[in-house]
$ cat protein-v1.csv   # CSV, C-alpha atoms
chain,number,residue,atom,x,y,z
E,113,MET,CA,75.3,172.4,46.7
E,114,SER,CA,75.3,175.9,45.2
E,115,GLU,CA,71.8,176.7,44.1
E,116,GLY,CA,71.2,176.0,40.4
E,117,LYS,CA,74.7,174.5,39.9
E,118,ASP,CA,75.4,170.8,39.5
E,119,LEU,CA,78.9,170.7,41.1
E,120,LYS,CA,79.0,166.9,40.8
E,121,ALA,CA,78.6,167.1,37.0
E,122,LEU,CA,81.6,169.5,36.9
E,123,ALA,CA,83.6,167.1,39.1
E,124,ASP,CA,82.6,164.3,36.6
E,125,ILE,CA,84.3,166.3,33.8
E,126,LEU,CA,87.6,166.3,35.6
E,127,TRP,CA,87.3,162.7,36.8
E,128,GLU,CA,86.5,161.4,33.3
E,129,ALA,CA,89.5,163.4,31.9
E,130,GLU,CA,91.8,161.7,34.3
E,131,GLU,CA,90.3,158.3,33.8
E,132,LYS,CA,90.5,158.5,30.0
E,133,ARG,CA,93.8,160.4,30.0
E,134,ARG,CA,92.3,163.1,27.7
E,135,GLY,CA,92.0,166.8,28.7
E,136,GLY,CA,88.4,167.9,29.3
E,137,ILE,CA,86.5,171.1,28.6
E,138,PRO,CA,87.2,174.1,30.9
E,139,LEU,CA,84.6,174.1,33.7
E,140,THR,CA,84.3,177.9,33.3
E,141,GLN,CA,83.1,177.2,29.8
E,142,VAL,CA,80.3,175.0,31.1
E,143,GLN,CA,79.6,177.2,34.1
E,144,PRO,CA,80.9,180.7,33.4
E,145,ASP,CA,79.8,182.1,36.9
E,146,LEU,CA,81.5,179.3,38.9
E,147,THR,CA,83.0,180.9,42.0
E,148,PRO,CA,86.3,180.0,43.7
E,149,GLU,CA,84.3,178.7,46.7
E,150,GLU,CA,82.2,176.5,44.5
E,151,ALA,CA,85.3,175.3,42.7
E,152,TYR,CA,86.8,174.2,46.1
E,153,ARG,CA,83.6,172.1,46.6
E,154,VAL,CA,84.2,170.5,43.2
E,155,GLN,CA,87.8,169.7,44.3
E,156,LEU,CA,86.5,168.1,47.5
E,157,ILE,CA,84.1,165.8,45.5
E,158,ASN,CA,86.9,164.2,43.6
E,159,ILE,CA,89.2,164.1,46.6
E,160,GLN,CA,86.5,162.2,48.5
E,161,ARG,CA,86.2,159.8,45.5
E,162,LYS,CA,89.9,159.0,45.8
E,163,LEU,CA,89.7,158.6,49.5
E,164,ASP,CA,86.8,156.1,48.9
E,165,GLN,CA,89.2,154.2,46.6
E,166,GLY,CA,91.7,153.8,49.4
E,167,GLN,CA,94.0,156.7,48.9
E,168,LYS,CA,95.1,158.9,51.8
E,169,VAL,CA,95.7,162.6,52.2
E,170,VAL,CA,99.4,163.1,53.1
E,171,GLY,CA,99.6,166.9,52.7
E,172,LYS,CA,98.6,170.0,50.8
E,173,LYS,CA,100.1,172.1,48.0
E,174,ILE,CA,99.9,175.8,47.5
E,175,GLY,CA,99.7,177.3,44.0
E,176,LEU,CA,99.7,180.8,42.5
E,177,THR,CA,102.1,182.2,45.0
E,178,SER,CA,104.0,184.3,42.5
E,179,ARG,CA,102.8,187.7,41.5
E,180,ALA,CA,103.3,186.8,37.8
E,181,MET,CA,101.0,183.8,38.0
E,182,GLN,CA,98.4,185.7,40.0
E,183,GLN,CA,98.4,188.5,37.4
E,184,LEU,CA,98.1,185.9,34.6
E,185,LEU,CA,94.9,184.6,36.1
E,186,GLY,CA,93.7,187.9,37.4
E,187,VAL,CA,93.7,187.0,41.1
E,188,ASP,CA,95.2,188.4,44.3
E,189,GLN,CA,95.6,185.3,46.4
E,190,PRO,CA,97.0,181.8,46.1
E,191,ASP,CA,95.0,178.5,45.8
E,192,TYR,CA,95.6,175.1,47.2
E,193,GLY,CA,95.1,171.4,46.5
E,194,HIS,CA,95.4,168.1,48.4
E,195,LEU,CA,98.4,165.7,48.2
E,196,LEU,CA,97.5,162.1,48.2
E,197,ASP,CA,99.8,159.1,48.8
E,198,GLY,CA,99.2,158.0,45.2
E,199,MET,CA,101.1,161.2,44.0
E,200,VAL,CA,104.4,160.5,45.8
E,201,LEU,CA,107.5,159.7,43.7
E,202,GLU,CA,110.9,158.6,44.8
E,203,ASN,CA,113.8,161.1,44.4
E,204,GLY,CA,115.4,160.5,41.0
E,205,GLN,CA,112.6,158.2,39.8
E,206,LYS,CA,111.7,157.8,36.2
E,207,ILE,CA,108.0,158.8,35.7
E,208,PRO,CA,105.9,156.5,33.5
E,209,ARG,CA,104.3,158.6,30.8
E,210,GLU,CA,100.9,157.1,31.5
E,211,ARG,CA,100.9,158.8,34.9
E,212,VAL,CA,100.8,162.3,33.4
E,213,LEU,CA,98.8,164.2,30.8
E,214,GLN,CA,100.5,167.6,30.1
E,215,PRO,CA,103.1,167.9,32.8
E,216,LYS,CA,105.2,170.9,33.9
E,217,VAL,CA,107.8,170.9,36.6
E,218,GLU,CA,108.2,173.4,39.5
E,219,ALA,CA,110.8,173.6,42.2
E,220,GLU,CA,109.8,174.5,45.7
E,221,ILE,CA,110.4,174.2,49.4
E,222,ALA,CA,108.5,171.5,51.3
E,223,PHE,CA,107.5,171.8,54.9
E,224,VAL,CA,107.0,168.7,57.0
E,225,LEU,CA,104.9,169.5,60.1
E,226,LYS,CA,105.4,168.2,63.7
E,227,LYS,CA,102.3,170.0,65.0
E,228,ASP,CA,98.8,170.6,63.7
E,229,LEU,CA,98.1,174.1,62.3
E,230,VAL,CA,94.4,175.1,62.7
E,231,GLY,CA,93.3,178.4,61.3
E,232,PRO,CA,92.1,181.1,61.4
E,233,ASN,CA,94.7,183.5,62.7
E,234,VAL,CA,97.8,181.3,62.0
E,235,THR,CA,100.9,183.4,61.6
E,236,PRO,CA,104.2,182.7,59.8
E,237,MET,CA,105.8,182.3,63.3
E,238,ASP,CA,103.2,179.7,64.1
E,239,VAL,CA,104.3,177.9,61.0
E,240,MET,CA,107.9,178.0,62.0
E,241,LEU,CA,107.1,176.6,65.4
E,242,ALA,CA,105.0,173.8,63.9
E,243,THR,CA,107.5,172.7,61.3
E,244,ASP,CA,109.6,169.6,61.9
E,245,TYR,CA,111.9,170.3,58.9
E,246,ILE,CA,112.1,171.5,55.3
E,247,VAL,CA,113.4,169.8,52.2
E,248,PRO,CA,113.6,170.5,48.5
E,249,ALA,CA,110.8,169.3,46.3
E,250,LEU,CA,109.9,169.0,42.7
E,251,GLU,CA,106.2,169.2,41.9
E,252,ILE,CA,104.8,167.9,38.6
E,253,VAL,CA,101.8,170.2,38.0
E,254,ASP,CA,99.3,168.8,35.5
E,255,SER,CA,95.9,169.7,34.2
E,256,ARG,CA,92.8,167.7,33.4
E,257,ILE,CA,91.7,170.7,31.3
E,258,LYS,CA,92.7,170.5,27.6
E,259,ASP,CA,95.7,172.6,26.7
E,260,TRP,CA,95.9,174.3,30.1
E,261,LYS,CA,93.1,176.7,29.1
E,262,ILE,CA,92.3,177.5,32.7
E,263,LYS,CA,90.9,180.3,34.8
E,264,LEU,CA,91.1,180.4,38.5
E,265,PRO,CA,88.0,178.2,39.2
E,266,ASP,CA,89.3,175.6,36.7
E,267,THR,CA,92.6,175.1,38.5
E,268,ILE,CA,91.0,175.2,41.9
E,269,ALA,CA,88.4,172.5,41.0
E,270,ASP,CA,91.2,170.5,39.4
E,271,ASN,CA,93.0,170.1,42.8
E,272,ALA,CA,95.1,173.2,42.0
E,273,SER,CA,96.4,171.4,38.9
E,274,SER,CA,98.2,168.8,41.1
E,275,GLY,CA,100.0,165.9,39.5
E,276,LEU,CA,102.9,164.2,41.3
E,277,TYR,CA,105.7,165.3,43.6
E,278,THR,CA,109.0,164.1,45.1
E,279,LEU,CA,111.1,165.2,48.1
E,280,GLY,CA,114.9,165.2,48.2
E,281,GLY,CA,117.8,166.8,49.8
E,282,ARG,CA,118.4,166.6,53.6
E,283,PRO,CA,115.9,167.5,56.3
E,284,THR,CA,116.9,170.9,57.7
E,285,SER,CA,115.5,172.8,60.7
E,286,VAL,CA,113.9,176.1,59.8
E,287,GLU,CA,115.9,177.7,62.6
E,288,LYS,CA,119.1,177.0,60.7
E,289,VAL,CA,118.2,178.9,57.5
E,290,ASP,CA,116.7,182.1,56.3
E,291,LEU,CA,113.7,180.9,54.3
E,292,THR,CA,113.5,184.1,52.3
E,293,GLN,CA,117.1,183.7,51.1
E,294,ILE,CA,117.2,180.0,50.1
E,295,GLY,CA,118.4,180.2,46.5
E,296,MET,CA,117.3,177.6,43.9
E,297,VAL,CA,118.6,176.6,40.4
E,298,LEU,CA,116.5,174.4,38.2
E,299,TYR,CA,118.2,172.3,35.5
E,300,LYS,CA,116.5,170.6,32.6
E,301,ASN,CA,118.7,168.0,30.8
E,302,GLY,CA,121.8,169.6,32.4
E,303,ARG,CA,121.0,173.1,31.3
E,304,MET,CA,119.9,175.9,33.7
E,305,VAL,CA,116.4,176.9,32.9
E,306,ASN,CA,115.2,178.8,36.0
E,307,THR,CA,116.5,180.3,39.2
E,308,GLY,CA,114.5,181.4,42.2
E,309,VAL,CA,114.7,182.3,45.9
E,310,GLY,CA,112.5,181.7,48.9
E,311,ALA,CA,111.2,185.3,48.9
E,312,ALA,CA,109.5,184.6,45.5
E,313,ALA,CA,106.7,182.8,47.3
E,314,LEU,CA,104.7,185.6,48.8
E,315,GLY,CA,107.8,187.1,50.3
E,316,ASN,CA,108.4,184.1,52.6
E,317,PRO,CA,107.3,180.4,52.1
E,318,ALA,CA,106.1,180.4,55.8
E,319,THR,CA,103.6,183.1,54.8
E,320,CYS,CA,102.2,180.8,52.2
E,321,VAL,CA,101.7,178.0,54.7
E,322,ALA,CA,100.1,180.4,57.1
E,323,TRP,CA,97.7,181.5,54.4
E,324,LEU,CA,96.9,177.9,53.6
E,325,ALA,CA,96.1,177.0,57.3
E,326,ASN,CA,93.8,180.0,57.5
E,327,LYS,CA,92.1,179.3,54.1
E,328,LEU,CA,91.5,175.7,55.0
E,329,SER,CA,89.7,176.8,58.2
E,330,GLU,CA,86.9,178.0,56.0
E,331,PHE,CA,86.2,174.4,55.1
E,332,ASP,CA,86.8,173.0,58.6
E,333,ILE,CA,90.1,171.4,57.5
E,334,ALA,CA,93.3,171.6,59.5
E,335,LEU,CA,97.0,171.0,58.6
E,336,LYS,CA,98.0,167.9,60.5
E,337,ALA,CA,101.3,166.8,62.1
E,338,GLY,CA,103.2,164.7,59.6
E,339,GLU,CA,101.8,166.3,56.6
E,340,VAL,CA,103.9,167.6,53.7
E,341,ILE,CA,103.2,171.1,52.6
E,342,LEU,CA,104.5,172.2,49.2
E,343,SER,CA,104.8,175.9,49.8
E,344,GLY,CA,104.7,177.3,46.2
E,345,ALA,CA,107.0,177.5,43.2
E,346,LEU,CA,110.1,179.6,43.4
E,347,SER,CA,110.0,180.2,39.6
E,348,ALA,CA,107.9,179.5,36.5
E,349,ALA,CA,106.8,176.0,35.6
E,350,VAL,CA,108.8,174.3,32.9
E,351,ASP,CA,107.2,171.9,30.3
E,352,ALA,CA,108.3,168.3,30.5
E,353,GLU,CA,108.7,165.9,27.6
E,354,PRO,CA,109.6,162.2,27.5
E,355,GLU,CA,113.3,161.5,28.4
E,356,ASP,CA,113.7,164.9,30.1
E,357,HIS,CA,115.7,165.0,33.3
E,358,PHE,CA,115.1,167.7,35.9
E,359,CYS,CA,117.3,168.6,38.9
E,360,ALA,CA,116.8,171.4,41.4
E,361,ARG,CA,119.6,172.5,43.6
E,362,PHE,CA,118.9,174.5,46.7
E,363,ALA,CA,121.3,176.4,48.9
E,364,HIS,CA,121.7,174.8,52.3
E,365,ILE,CA,119.1,172.0,51.9
E,366,GLY,CA,120.3,169.9,49.0
E,367,GLU,CA,118.9,168.8,45.6
E,368,VAL,CA,116.1,166.8,44.2
E,369,SER,CA,115.6,165.2,40.7
E,370,LEU,CA,113.2,163.4,38.4
E,371,ARG,CA,113.2,161.7,35.0
E,372,PHE,CA,110.5,161.5,32.4

$ encode --input "protein-v1.csv" --output "structure tokens"
Amino acid sequence: MSEGKDLKALADILWEAEEKRRGGIPLTQVQPDLTPEEAYRVQLINIQRKLDQGQKVVGKKIGLTSRAMQQLLGVDQPDYGHLLDGMVLENGQKIPRERVLQPKVEAEIAFVLKKDLVGPNVTPMDVMLATDYIVPALEIVDSRIKDWKIKLPDTIADNASSGLYTLGGRPTSVEKVDLTQIGMVLYKNGRMVNTGVGAAALGNPATCVAWLANKLSEFDIALKAGEVILSGALSAAVDAEPEDHFCARFAHIGEVSLRF
């Protein structure tokens, strides 16, 4: 534990917010000097609690891959969170309102691994060689912090503002596409609300996954064969309200959808 800081108490704020379905106070308001490294420790406390309840880690997500989001939070690198089996939705599923607090939807490319990736020194080429296939994904980002009033340590501690996710489309080999040129169109209730391209995620989604593998090595965590890696949003997150329908269509790899 970091000297003088009760990281468990900070984890408790997020845990209680999720349990009571009521946004909590920003952790950076309670502990203004909370560092990103300490925030990752807070994240791991609550992940361990979920593992103790019987959930399983099925992958990881990368956040803050766009320059715009990094500038908004005053950072120069992405962050990450854990994906648990309790977060998985079926393609096209209607999401019960009680499963979300203040949801937003992002479209991204998901990597499914066939080999472990152990940092440091993982390269984008290593990622390509370790990838079984890619598919389109919708991530529902959510926040246990009231009104999304977050700074970088807040979102890191809150499992990178993870909520739920679904995979769709058709499994496609990375050798058959140019990841940087995969175009995406996001529709909300049949109306186009966002467009994006693979290069929007740090220039190449594989670069995001390599960053993740190297960052995780600082915590003695590896990316495992079979895991799903959400590589980062290709455009801005869109607010979701009851009865909204979202569909993302990707060049070459298909589409994915969800209903609220």

$ residues_around --input "protein-v1.csv" --residues "E:Lys162" --least-positions-apart "6" --cutoff "10 Å" --atoms "all atoms listed in the file" --output "ChimeraX atom specification"
/E:156,168-169,196,198

$ residues_around --input "protein-v1.csv" --residues "stretch 243-257 of chain E" --least-positions-apart "2" --cutoff "6 Å" --atoms "only C-alpha atoms" --output "PyMOL selection string"
chain E and resi 126+129+135-138+214-226+240-241+260+273-281+283-285

$ residues_near_point --input "protein-v1.csv" --point "(92.7, 176.6, 55.8)" --cutoff "12 Å" --atoms "only C-alpha atoms" --output "NGL selection string"
:E and (152 or 172-174 or 190-194 or 228-234 or 320-336)

$ atom_distance --input "protein-v1.csv" --atom1 "atom CA of E:Ala318" --atom2 "atom CA of E:Ser178"
14.0 Å

$ closest_residue --input "protein-v1.csv" --among "E:Leu314, E:Ala348, E:Leu370, E:Val289" --to "E:Asp188" --atoms "all atoms listed in the file"
E:Leu314

$ closest_residue --input "protein-v1.csv" --among "E:Ile159, E:Arg133, E:Lys117, E:Asp290" --to "E:Leu213" --atoms "all atoms listed in the file"
E:Arg133

$ atom_distance --input "protein-v1.csv" --atom1 "atom CA of E:Arg371" --atom2 "atom CA of E:Lys206"
4.3 Å

$ atom_distance --input "protein-v1.csv" --atom1 "atom CA of E:Asp356" --atom2 "atom CA of E:Gln155"
29.9 Å

$ closest_residue --input "protein-v1.csv" --among "E:Leu146, E:Val286, E:Cys359, E:Leu201" --to "E:Asn301" --atoms "only C-alpha atoms"
E:Cys359

$ residues_around --input "protein-v1.csv" --residues "E:Phe362" --least-positions-apart "4" --cutoff "6 Å" --atoms "all atoms listed in the file" --output "PyMOL selection string"
chain E and resi 295-296+366-367

$ closest_residue --input "protein-v1.csv" --among "E:Leu195, E:Ala313, E:Leu264, E:Ala349" --to "E:Glu150" --atoms "only C-alpha atoms"
E:Leu264

$ residues_around --input "protein-v1.csv" --residues "E:Ala312" --least-positions-apart "2" --cutoff "8 Å" --atoms "only C-alpha atoms" --output "PyMOL selection string"
chain E and resi 177-178+292+308-310+314-316+345-347

$ closest_residue --input "protein-v1.csv" --among "E:Lys132, E:Arg161, E:Lys288, E:Arg282" --to "E:Arg361" --atoms "all atoms listed in the file"
E:Arg282

$ closest_residue --input "protein-v1.csv" --among "E:Val305, E:Leu185, E:Gly171, E:Ala337" --to "E:Thr267" --atoms "all atoms listed in the file"
E:Leu185

$ residues_around --input "protein-v1.csv" --residues "E:Ala269" --least-positions-apart "2" --cutoff "8 Å" --atoms "all atoms listed in the file" --output "MDAnalysis selection string"
chainID E and resid 123 151:155 265:267 271:272
